[in-house]
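**Student:** Contents of work-v3.txt (compact mmCIF, C-alpha atoms and all ligand atoms) are below:
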```txt
# COMPACT_ATOMS: atom_id res chain seq x y z
CA MET V 4 45.77 -137.70 -99.41
CA ASN V 5 44.39 -136.87 -95.99
CA TRP V 6 47.88 -137.38 -94.56
CA LEU V 7 49.01 -134.20 -96.35
CA LYS V 8 46.59 -132.09 -94.36
CA ARG V 9 47.52 -133.84 -91.12
CA MET V 10 51.26 -133.67 -91.72
CA PRO V 11 52.92 -131.05 -89.46
CA LYS V 12 54.21 -128.34 -91.78
CA VAL V 13 56.56 -125.36 -91.75
CA ASP V 14 56.15 -122.28 -93.95
CA LEU V 15 59.29 -120.15 -94.05
CA HIS V 16 58.24 -117.86 -96.90
CA LEU V 17 54.86 -116.26 -96.32
CA HIS V 18 54.00 -112.61 -97.05
CA LEU V 19 51.56 -110.92 -94.68
CA ASP V 20 49.94 -108.82 -97.42
CA GLY V 21 49.67 -111.92 -99.61
CA CYS V 22 47.45 -113.80 -97.20
CA VAL V 23 44.71 -111.35 -96.26
CA LYS V 24 41.32 -113.05 -96.28
CA PRO V 25 38.58 -111.60 -98.51
CA GLU V 26 36.13 -111.90 -95.59
CA THR V 27 38.36 -109.59 -93.56
CA MET V 28 38.58 -107.09 -96.43
CA LEU V 29 34.78 -106.93 -96.48
CA GLU V 30 34.69 -106.14 -92.76
CA TRP V 31 37.32 -103.43 -93.08
CA ALA V 32 35.56 -101.84 -96.02
CA ALA V 33 32.24 -101.83 -94.10
CA GLU V 34 33.93 -100.25 -91.05
CA GLN V 35 35.55 -97.55 -93.16
CA GLY V 36 32.60 -97.01 -95.44
CA SER V 37 34.74 -97.72 -98.51
CA GLU V 38 33.58 -99.34 -101.71
CA LEU V 39 34.83 -102.73 -102.90
CA PRO V 40 34.12 -104.20 -106.33
CA ALA V 41 32.15 -107.11 -104.81
CA ASN V 42 30.00 -107.69 -101.74
CA ASP V 43 30.98 -111.23 -100.89
CA ALA V 44 34.19 -113.18 -100.42
CA ALA V 45 33.79 -115.27 -103.56
CA GLY V 46 33.23 -112.15 -105.64
CA LEU V 47 36.25 -110.43 -104.13
CA LEU V 48 38.67 -113.30 -104.55
CA PRO V 49 39.40 -112.69 -108.27
CA TYR V 50 40.67 -109.21 -107.33
CA MET V 51 43.05 -110.71 -104.78
CA THR V 52 44.25 -113.84 -106.58
CA VAL V 53 46.28 -113.99 -109.79
CA SER V 54 44.71 -115.64 -112.81
CA ASP V 55 46.36 -118.04 -115.23
CA ASP V 56 47.25 -115.21 -117.56
CA CYS V 57 49.66 -113.66 -115.04
CA ALA V 58 52.63 -112.89 -117.30
CA SER V 59 55.45 -111.99 -114.94
CA LEU V 60 56.50 -111.10 -111.40
CA VAL V 61 55.59 -107.46 -112.06
CA ASP V 62 52.11 -108.56 -113.10
CA TYR V 63 51.86 -110.71 -109.95
CA LEU V 64 52.98 -107.83 -107.71
CA ALA V 65 50.17 -105.61 -109.05
CA LYS V 66 47.69 -107.73 -107.02
CA PHE V 67 49.07 -106.36 -103.78
CA ARG V 68 47.77 -102.87 -104.59
CA PHE V 69 44.28 -104.08 -103.80
CA VAL V 70 44.93 -104.91 -100.13
CA LEU V 71 47.61 -102.43 -99.14
CA PRO V 72 45.25 -99.42 -98.69
CA PHE V 73 43.52 -101.43 -95.95
CA LEU V 74 46.73 -102.31 -94.13
CA GLN V 75 47.54 -98.81 -92.94
CA ASN V 76 46.70 -98.93 -89.25
CA GLU V 77 47.84 -100.96 -86.27
CA GLN V 78 44.57 -102.83 -85.79
CA ALA V 79 44.53 -104.08 -89.37
CA LEU V 80 48.17 -105.15 -89.19
CA GLU V 81 47.70 -106.94 -85.88
CA ARG V 82 44.56 -108.65 -87.13
CA SER V 83 46.08 -109.74 -90.43
CA ALA V 84 49.12 -111.16 -88.59
CA TYR V 85 46.83 -113.01 -86.18
CA GLU V 86 44.79 -114.38 -89.06
CA ALA V 87 47.92 -115.47 -90.92
CA VAL V 88 48.82 -117.56 -87.87
CA GLU V 89 45.26 -118.86 -87.53
CA ARG V 90 45.08 -119.89 -91.15
CA ALA V 91 48.45 -121.65 -90.99
CA ALA V 92 47.60 -123.42 -87.72
CA GLU V 93 44.33 -124.69 -89.21
CA ASP V 94 46.42 -126.12 -92.04
CA ASN V 95 48.57 -127.92 -89.42
CA CYS V 96 51.60 -125.68 -89.71
CA ILE V 97 53.66 -125.82 -86.53
CA TYR V 98 56.01 -122.96 -87.40
CA ILE V 99 55.79 -119.99 -89.75
CA GLU V 100 57.90 -116.98 -90.58
CA VAL V 101 55.70 -114.09 -91.70
CA ARG V 102 57.36 -111.40 -93.77
CA PHE V 103 56.18 -107.92 -94.62
CA ALA V 104 57.60 -104.56 -95.65
CA PRO V 105 57.07 -102.07 -92.79
CA LEU V 106 57.35 -99.08 -95.14
CA LEU V 107 54.40 -100.23 -97.26
CA HIS V 108 52.23 -99.60 -94.21
CA THR V 109 53.23 -96.01 -93.42
CA GLU V 110 50.95 -94.19 -95.87
CA ARG V 111 48.67 -92.92 -93.12
CA GLY V 112 50.94 -91.92 -90.32
CA LEU V 113 52.34 -95.18 -88.90
CA THR V 114 56.09 -95.46 -88.48
CA ALA V 115 58.01 -98.59 -89.51
CA ASP V 116 58.41 -99.27 -85.80
CA ASP V 117 54.64 -99.04 -85.19
CA ALA V 118 54.00 -101.43 -88.07
CA LEU V 119 56.54 -103.97 -86.86
CA ALA V 120 55.27 -103.83 -83.29
CA ALA V 121 51.67 -104.35 -84.44
CA VAL V 122 52.54 -107.36 -86.60
CA ILE V 123 54.54 -108.96 -83.79
CA ARG V 124 51.61 -108.44 -81.40
CA GLY V 125 49.31 -110.21 -83.87
CA LEU V 126 51.73 -113.10 -84.27
CA ARG V 127 52.05 -113.45 -80.48
CA ARG V 128 48.29 -113.48 -80.05
CA GLY V 129 48.08 -116.23 -82.66
CA GLU V 130 50.76 -118.24 -80.85
CA GLU V 131 48.82 -117.97 -77.61
CA ARG V 132 45.64 -119.22 -79.23
CA TYR V 133 47.01 -122.01 -81.47
CA GLU V 134 49.70 -124.69 -81.28
CA ILE V 135 52.15 -122.94 -83.55
CA ARG V 136 55.20 -120.67 -83.32
CA ALA V 137 55.36 -117.56 -85.52
CA ARG V 138 58.16 -115.08 -86.17
CA ALA V 139 58.42 -111.93 -88.28
CA ILE V 140 60.81 -111.00 -91.10
CA ALA V 141 61.12 -107.33 -92.15
CA ILE V 142 61.34 -106.74 -95.89
CA CYS V 143 63.27 -104.01 -97.67
CA MET V 144 61.51 -103.20 -100.94
CA ARG V 145 63.59 -102.95 -104.10
CA HIS V 146 61.85 -99.78 -105.28
CA HIS V 147 62.52 -97.94 -102.00
CA SER V 148 65.56 -95.72 -101.52
CA PRO V 149 68.71 -96.94 -99.75
CA LYS V 150 68.04 -94.35 -97.04
CA ASP V 151 64.57 -95.79 -96.37
CA ASN V 152 65.80 -99.37 -96.45
CA LEU V 153 68.61 -98.56 -94.02
CA GLU V 154 65.89 -97.33 -91.69
CA VAL V 155 63.99 -100.62 -92.09
CA VAL V 156 67.13 -102.54 -91.10
CA ARG V 157 67.71 -100.29 -88.09
CA THR V 158 64.11 -100.73 -87.01
CA ALA V 159 64.35 -104.50 -87.47
CA SER V 160 67.44 -104.62 -85.26
CA ARG V 161 65.40 -103.28 -82.35
CA TYR V 162 63.08 -106.30 -82.60
CA LEU V 163 65.72 -108.97 -83.22
CA GLY V 164 65.12 -111.76 -80.71
CA ARG V 165 61.84 -110.07 -79.73
CA GLY V 166 59.63 -111.59 -82.39
CA LEU V 167 61.71 -110.71 -85.45
CA VAL V 168 64.25 -113.14 -86.85
CA ALA V 169 65.58 -111.75 -90.16
CA VAL V 170 65.48 -109.16 -92.93
CA ASP V 171 64.69 -109.73 -96.60
CA LEU V 172 64.70 -107.95 -99.96
CA ALA V 173 61.61 -108.25 -102.19
CA GLY V 174 59.84 -106.57 -105.11
CA ASP V 175 60.77 -106.20 -108.77
CA GLU V 176 63.98 -108.24 -109.11
CA ALA V 177 64.40 -107.64 -112.84
CA GLY V 178 64.17 -103.85 -112.42
CA PHE V 179 66.37 -103.59 -109.33
CA PRO V 180 69.35 -105.97 -109.19
CA PRO V 181 70.84 -106.95 -105.82
CA GLN V 182 74.02 -104.90 -106.38
CA LEU V 183 72.00 -101.78 -105.53
CA PHE V 184 71.51 -102.98 -101.97
CA ARG V 185 75.04 -103.73 -100.75
CA GLU V 186 75.10 -100.90 -98.24
CA VAL V 187 71.70 -101.84 -96.82
CA PHE V 188 72.62 -105.45 -96.18
CA GLU V 189 76.10 -104.57 -94.99
CA LEU V 190 74.33 -102.80 -92.15
CA ALA V 191 72.14 -105.86 -91.53
CA GLN V 192 75.26 -107.99 -91.26
CA GLU V 193 76.98 -105.48 -88.96
CA LEU V 194 73.91 -105.52 -86.73
CA GLY V 195 73.91 -109.33 -86.70
CA ILE V 196 70.50 -109.74 -88.36
CA PRO V 197 70.15 -112.92 -90.44
CA VAL V 198 69.50 -112.19 -94.12
CA THR V 199 67.34 -113.92 -96.71
CA ILE V 200 67.01 -112.44 -100.19
CA HIS V 201 64.48 -112.97 -102.98
CA ALA V 202 66.80 -113.91 -105.87
CA GLY V 203 66.76 -116.12 -108.94
CA GLU V 204 63.02 -115.59 -109.39
CA ALA V 205 62.65 -112.84 -112.02
CA GLY V 206 66.43 -112.60 -112.44
CA GLY V 207 69.20 -115.02 -113.29
CA ALA V 208 71.70 -117.09 -111.31
CA ASP V 209 74.11 -114.15 -110.92
CA ASN V 210 71.61 -112.48 -108.61
CA VAL V 211 71.73 -115.51 -106.33
CA LEU V 212 75.50 -115.36 -106.21
CA GLU V 213 75.45 -111.63 -105.44
CA ALA V 214 72.88 -112.23 -102.69
CA ILE V 215 75.09 -114.85 -101.05
CA ASP V 216 78.51 -113.28 -101.58
CA ARG V 217 77.74 -109.59 -101.12
CA LEU V 218 74.44 -109.25 -99.33
CA GLY V 219 75.19 -112.00 -96.82
CA ALA V 220 72.12 -114.11 -97.54
CA VAL V 221 72.05 -117.33 -95.51
CA ARG V 222 68.82 -118.40 -97.19
CA ILE V 223 67.48 -117.60 -100.65
CA GLY V 224 63.87 -116.80 -101.51
CA HIS V 225 63.01 -118.89 -104.57
CA GLY V 226 66.35 -119.44 -106.33
CA VAL V 227 64.62 -121.47 -109.06
CA ARG V 228 66.67 -119.76 -111.74
CA ALA V 229 69.95 -120.64 -110.05
CA ARG V 230 69.92 -123.67 -112.33
CA GLU V 231 70.91 -121.39 -115.21
CA ASN V 232 74.47 -121.60 -113.90
CA PRO V 233 75.78 -124.93 -112.55
CA ALA V 234 78.60 -123.14 -110.72
CA VAL V 235 76.02 -121.15 -108.74
CA LEU V 236 74.12 -124.33 -107.90
CA GLU V 237 77.35 -125.86 -106.67
CA ARG V 238 77.98 -122.81 -104.54
CA ILE V 239 74.53 -123.06 -102.95
CA ARG V 240 75.13 -126.73 -102.26
CA GLU V 241 78.57 -126.36 -100.75
CA CYS V 242 77.48 -123.46 -98.51
CA GLY V 243 74.35 -125.39 -97.45
CA ILE V 244 72.17 -122.36 -98.25
CA PRO V 245 68.51 -123.43 -98.01
CA LEU V 246 66.23 -122.43 -100.89
CA GLU V 247 62.74 -121.22 -100.02
CA LEU V 248 60.97 -122.57 -103.09
CA CYS V 249 57.37 -121.51 -103.68
CA PRO V 250 56.22 -123.82 -106.49
CA THR V 251 52.77 -122.38 -107.30
CA SER V 252 54.02 -118.80 -107.14
CA ASN V 253 57.03 -119.65 -109.32
CA ILE V 254 54.77 -121.11 -111.98
CA GLN V 255 52.43 -118.10 -111.84
CA THR V 256 55.24 -115.53 -112.20
CA LYS V 257 56.71 -117.57 -115.09
CA ALA V 258 59.98 -118.10 -113.26
CA VAL V 259 59.56 -121.65 -114.61
CA ASP V 260 57.51 -122.96 -117.54
CA GLY V 261 55.35 -125.35 -115.54
CA TRP V 262 55.38 -128.37 -113.25
CA GLU V 263 57.33 -130.54 -115.71
CA ASP V 264 60.00 -127.86 -115.68
CA TYR V 265 60.15 -127.45 -111.90
CA PRO V 266 63.73 -128.17 -110.72
CA ILE V 267 62.95 -129.38 -107.19
CA ARG V 268 63.82 -133.03 -107.81
CA ASP V 269 67.11 -132.14 -109.50
CA TYR V 270 67.98 -129.79 -106.66
CA MET V 271 67.24 -132.43 -104.03
CA ARG V 272 69.20 -135.08 -105.91
CA SER V 273 72.22 -132.81 -106.17
CA GLY V 274 72.26 -132.25 -102.40
CA ILE V 275 70.80 -128.75 -102.24
CA VAL V 276 68.71 -128.00 -99.15
CA VAL V 277 65.22 -127.31 -100.43
CA THR V 278 62.08 -126.14 -98.62
CA ILE V 279 58.61 -125.50 -100.03
CA ASN V 280 56.49 -122.56 -99.07
CA THR V 281 53.30 -120.71 -99.95
CA ASP V 282 54.70 -117.22 -100.71
CA ASN V 283 51.21 -115.68 -100.80
CA PRO V 284 48.29 -117.96 -99.90
CA THR V 285 45.61 -115.54 -101.12
CA VAL V 286 47.42 -114.09 -104.13
CA SER V 287 48.60 -117.52 -105.28
CA GLY V 288 45.45 -119.36 -104.17
CA THR V 289 47.33 -121.92 -102.14
CA SER V 290 48.22 -123.32 -98.72
CA MET V 291 50.99 -125.57 -97.43
CA THR V 292 48.75 -128.60 -97.81
CA GLU V 293 47.97 -127.54 -101.37
CA GLU V 294 51.68 -127.08 -102.23
CA CYS V 295 52.36 -130.60 -100.93
CA ARG V 296 49.37 -131.99 -102.82
CA ARG V 297 50.50 -130.41 -106.08
CA LEU V 298 54.01 -131.84 -105.65
CA ALA V 299 52.44 -135.26 -105.08
CA GLU V 300 50.16 -134.92 -108.08
CA HIS V 301 52.53 -133.40 -110.62
CA LEU V 302 55.91 -134.70 -109.52
CA GLY V 303 55.04 -137.91 -107.71
CA PHE V 304 56.23 -136.77 -104.30
CA GLY V 305 55.52 -139.34 -101.61
CA MET V 306 55.38 -139.21 -97.86
CA ALA V 307 59.14 -139.54 -97.40
CA ASP V 308 59.80 -136.68 -99.84
CA ILE V 309 57.40 -134.37 -98.03
CA VAL V 310 58.84 -135.29 -94.63
CA ARG V 311 62.30 -134.50 -95.96
CA LEU V 312 61.14 -131.06 -97.15
CA MET V 313 59.61 -130.31 -93.75
CA GLU V 314 62.69 -131.52 -91.89
CA ASN V 315 64.77 -129.23 -94.10
CA ALA V 316 62.48 -126.34 -93.17
CA VAL V 317 62.83 -127.08 -89.45
CA GLU V 318 66.62 -126.99 -89.80
CA ALA V 319 66.51 -123.82 -91.94
CA ALA V 320 64.26 -121.92 -89.51
CA PHE V 321 65.68 -118.64 -88.20
CA LEU V 322 65.43 -119.82 -84.60
CA ASP V 323 68.13 -120.14 -81.98
CA GLU V 324 69.40 -123.63 -81.20
CA ALA V 325 67.16 -124.22 -78.18
CA GLU V 326 64.02 -123.12 -80.03
CA LYS V 327 65.00 -125.18 -83.03
CA ALA V 328 65.54 -128.25 -80.88
CA ALA V 329 62.04 -127.76 -79.47
CA LEU V 330 60.59 -127.41 -82.96
CA ARG V 331 62.42 -130.54 -84.12
CA GLU V 332 61.02 -132.47 -81.18
CA GLU V 333 57.52 -131.17 -81.86
CA PHE V 334 57.79 -132.18 -85.52
CA LEU V 335 58.89 -135.72 -84.67
CA LEU V 336 56.13 -136.04 -82.09
CA ARG V 337 53.50 -134.86 -84.54
CA ILE V 338 54.56 -137.19 -87.37
CA ALA V 339 54.71 -140.11 -84.91
CA GLU V 340 51.14 -139.27 -83.86
CA ILE V 341 49.90 -139.70 -87.42
CA GLY V 342 52.07 -142.76 -88.02
CA VAL V 343 54.47 -141.19 -90.51
CA PRO V 344 58.13 -142.30 -90.18
CA ALA V 345 60.98 -139.76 -90.01
CA VAL V 346 63.50 -139.91 -92.86
O1 LIG I 401 57.52 -113.65 -104.84
C1 LIG I 401 57.73 -112.44 -104.62
N1 LIG I 401 58.79 -111.84 -105.17
C2 LIG I 401 59.08 -110.54 -104.96
N2 LIG I 401 58.32 -109.75 -104.20
C3 LIG I 401 57.21 -110.30 -103.65
C4 LIG I 401 56.88 -111.63 -103.84
N3 LIG I 401 55.72 -111.87 -103.16
C5 LIG I 401 55.37 -110.71 -102.58
N4 LIG I 401 56.27 -109.76 -102.88
C6 LIG I 401 56.24 -108.34 -102.50
C7 LIG I 401 54.86 -107.74 -102.65
C8 LIG I 401 54.47 -107.37 -101.26
O2 LIG I 401 53.71 -106.17 -101.22
C9 LIG I 401 55.81 -107.19 -100.59
C10 LIG I 401 55.78 -107.25 -99.08
O3 LIG I 401 55.22 -108.43 -98.60
O4 LIG I 401 56.60 -108.23 -101.14
ZN ZN I 402 58.16 -113.89 -101.65
```
Please go through the file and, once you have read it, give me the structure as structure tokens.

**Tutor:**
Amino acid sequence: MNWLKRMPKVDLHLHLDGCVKPETMLEWAAEQGSELPANDAAGLLPYMTVSDDCASLVDYLAKFRFVLPFLQNEQALERSAYEAVERAAEDNCIYIEVRFAPLLHTERGLTADDALAAVIRGLRRGEERYEIRARAIAICMRHHSPKDNLEVVRTASRYLGRGLVAVDLAGDEAGFPPQLFREVFELAQELGIPVTIHAGEAGGADNVLEAIDRLGAVRIGHGVRARENPAVLERIRECGIPLELCPTSNIQTKAVDGWEDYPIRDYMRSGIVVTINTDNPTVSGTSMTEECRRLAEHLGFGMADIVRLMENAVEAAFLDEAEKAALREEFLLRIAEIGVPAV
């Protein structure tokens, strides 16, 4: 299975606050003189990673409370963005889109603009150091007010084409349906910012339809529960809307019952554009290589299947045509280097 590690990979759905390293948390705590419940990385990991008894998305989201107090200054944001790139590059990712919610980082005086600028600086520094491209996505949180989320979209628009490529909606899907966010994403569309929406994860297929039809989503985060309505699946297929599936995360949040129940094969067979992603490497205890390995182990995915998923991700990237052409070329070069045929 060494080819899985060596395979060039693309992660389109990766949360910044879901991939903080425990080692880094220890350093921050020492600098600030704050107490953590463990003194080494292995001891800290259980506080940052969900366990098998995670019951729901809300349960899963509770894990983020542990890291967020440390992500409240520009240095920490820049460093965590840099380390997200580093970690992905070491896993042979050649392109990543790192998403985060600027307003979750304004508890101690930063503005959304400061937060976004710091994350983009960290991504750039990572790009300079490693052979990887990295872009940012700004998230509107479902529990934030429309006024605050409109501000996130306005802030994002200032960075469009300058390190930021899209806006997203995340958080408690069951508690806050997409209908509440029409005005926010209308503004995103007016400002010409590409939209991806977390939908069909802790909510049903109707949320996916609303995200596409009313919020202007051109990609969908997760979408595993779209299968509850065949008409919605057909809609996704005919519009060519890529799904950002995150298999391990979807199993942990109980969006699906388990690997046997995972709809990826059915989706691919029916002509839906599917990508696989980590969602939250630390919180979910995964990596792109690990997601590929689990698909191979549980669902019999072979080399051609994985190449197809990565090619889909290259095509679904929020990059302009010239950048995408360069990424495509890089991908083909890298698979040729390891002797894997294109599909
Ligand atoms: O899979 C997810 N679904 C909905 N919200 C999520 C998911 N993973 C992370 N988040 C939330 C928690 C983070 O604090 C926030 C910003 O990255 O996004
Ligand atoms: Zn997510």

**Student:** Which residues, protein or nucleic acid, reach to within 6 Å of (66.8, -126.0, -101.6) in the file's coordinates when using all atoms listed in the file, and can you give that as a PyMOL selection string?

**Tutor:** chain V and resi 245-246+275-278

**Student:** Could you take the residues named above and write them with C-alpha atoms, as a compact mmCIF listing (two decimals), in the coordinates of the input?

**Tutor:**
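Listed below is the output, result-v8.txt:
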```txt
# COMPACT_ATOMS: atom_id res chain seq x y z
CA PRO V 245 68.51 -123.43 -98.01
CA LEU V 246 66.23 -122.43 -100.89
CA ILE V 275 70.80 -128.75 -102.24
CA VAL V 276 68.71 -128.00 -99.15
CA VAL V 277 65.22 -127.31 -100.43
CA THR V 278 62.08 -126.14 -98.62
```

**Student:** Check which residues fall inside 8 Å of ligand LIG 401 (chain I) when counting only C-alpha atoms and all ligand atoms, and print them as number ranges by chain.

**Tutor:** V: 18-21, 60, 63-64, 67-68, 71, 102-104, 107, 142, 144, 172-176, 201, 204-205, 224-225, 249, 252-253, 256, 282-283

**Student:** Compile the contact shell of Ala320 in chain V as a list in words: residues with an atom at most 9 Å away, counting only C-alpha atoms, same-chain residues fewer than 5 positions apart removed.

**Tutor:**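 My reading of the contact set: Val13, Leu15, Tyr98, Ile99, Glu100, Asn315 and Lys327 of chain V.
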
**Student:** For a quick check of understanding, using all atoms listed in the file, which of V:Glu247, V:Asp62, V:Glu332, V:Glu131 has the smallest distance to ligand ZN 402 (chain I)?

**Tutor:**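 Closest residue, counting all atoms listed in the file: V:Glu247.
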
**Student:** Have a look at V:Leu336, V:Val70, V:Leu298, V:Cys143 and name the one nearest to ligand ZN 402 (chain I); count all atoms listed in the file.

**Tutor:** V:Cys143

**Student:** Range 134-149 of chain V, all listed atoms, 8 Å padding on each side: what axis-aligned box centre and edge lengths in Å to one decimal come out, as JSON?

**Tutor:**
```
{"center_x": 59.2, "center_y": -110.2, "center_z": -93.3, "size_x": 35.0, "size_y": 45.0, "size_z": 40.0}
```

**Student:** What gap, in Å, lies between CA of Ser83 in chain V and CA of Glu293 in chain V?

**Tutor:**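 If I compute the distance from CA of Ser83 in chain V to CA of Glu293 in chain V, I get 21.0 Å.
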
**Student:** Can you tell me how far CA of Ile200 in chain V sits from CA of Asp216 in chain V, in Å to one decimal?

**Tutor:**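 Going from CA of Ile200 in chain V over to CA of Asp216 in chain V, I get 11.6 Å.
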
**Student:** Mind listing whatever residues come within 12 Å of the point (48.1, -93.4, -90.6)? Use all atoms listed in the file, file coordinates, and give them as a PDB file with C-alpha atoms, in the frame of the given file.

**Tutor:**
```pdb
ATOM      1  CA  PRO V  72      45.250 -99.420 -98.690  1.00  0.00           C
ATOM      2  CA  PHE V  73      43.520-101.430 -95.950  1.00  0.00           C
ATOM      3  CA  LEU V  74      46.730-102.310 -94.130  1.00  0.00           C
ATOM      4  CA  GLN V  75      47.540 -98.810 -92.940  1.00  0.00           C
ATOM      5  CA  ASN V  76      46.700 -98.930 -89.250  1.00  0.00           C
ATOM      6  CA  GLU V  77      47.840-100.960 -86.270  1.00  0.00           C
ATOM      7  CA  GLN V  78      44.570-102.830 -85.790  1.00  0.00           C
ATOM      8  CA  ALA V  79      44.530-104.080 -89.370  1.00  0.00           C
ATOM      9  CA  LEU V  80      48.170-105.150 -89.190  1.00  0.00           C
ATOM     10  CA  LEU V 106      57.350 -99.080 -95.140  1.00  0.00           C
ATOM     11  CA  LEU V 107      54.400-100.230 -97.260  1.00  0.00           C
ATOM     12  CA  HIS V 108      52.230 -99.600 -94.210  1.00  0.00           C
ATOM     13  CA  THR V 109      53.230 -96.010 -93.420  1.00  0.00           C
ATOM     14  CA  GLU V 110      50.950 -94.190 -95.870  1.00  0.00           C
ATOM     15  CA  ARG V 111      48.670 -92.920 -93.120  1.00  0.00           C
ATOM     16  CA  GLY V 112      50.940 -91.920 -90.320  1.00  0.00           C
ATOM     17  CA  LEU V 113      52.340 -95.180 -88.900  1.00  0.00           C
ATOM     18  CA  THR V 114      56.090 -95.460 -88.480  1.00  0.00           C
ATOM     19  CA  ALA V 115      58.010 -98.590 -89.510  1.00  0.00           C
ATOM     20  CA  ASP V 117      54.640 -99.040 -85.190  1.00  0.00           C
ATOM     21  CA  ALA V 118      54.000-101.430 -88.070  1.00  0.00           C
TER      22      ALA V 118
END
```

**Student:** Which one of V:Thr292, V:Asn232, V:Asn42, V:Thr199 sits closest to ligand ZN 402 (chain I) if you count only C-alpha atoms and all ligand atoms?

**Tutor:**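 Of V:Thr292, V:Asn232, V:Asn42, V:Thr199, the one nearest ligand ZN 402 (chain I), counting only C-alpha atoms and all ligand atoms, is V:Thr199.
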
**Student:** Of the candidates V:Pro149, V:Met306, V:His16, V:Ala234, which one gets nearest to ligand ZN 402 (chain I) if we count all atoms listed in the file?

**Tutor:**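 With all atoms listed in the file as the atom set, the closest residue is V:His16.
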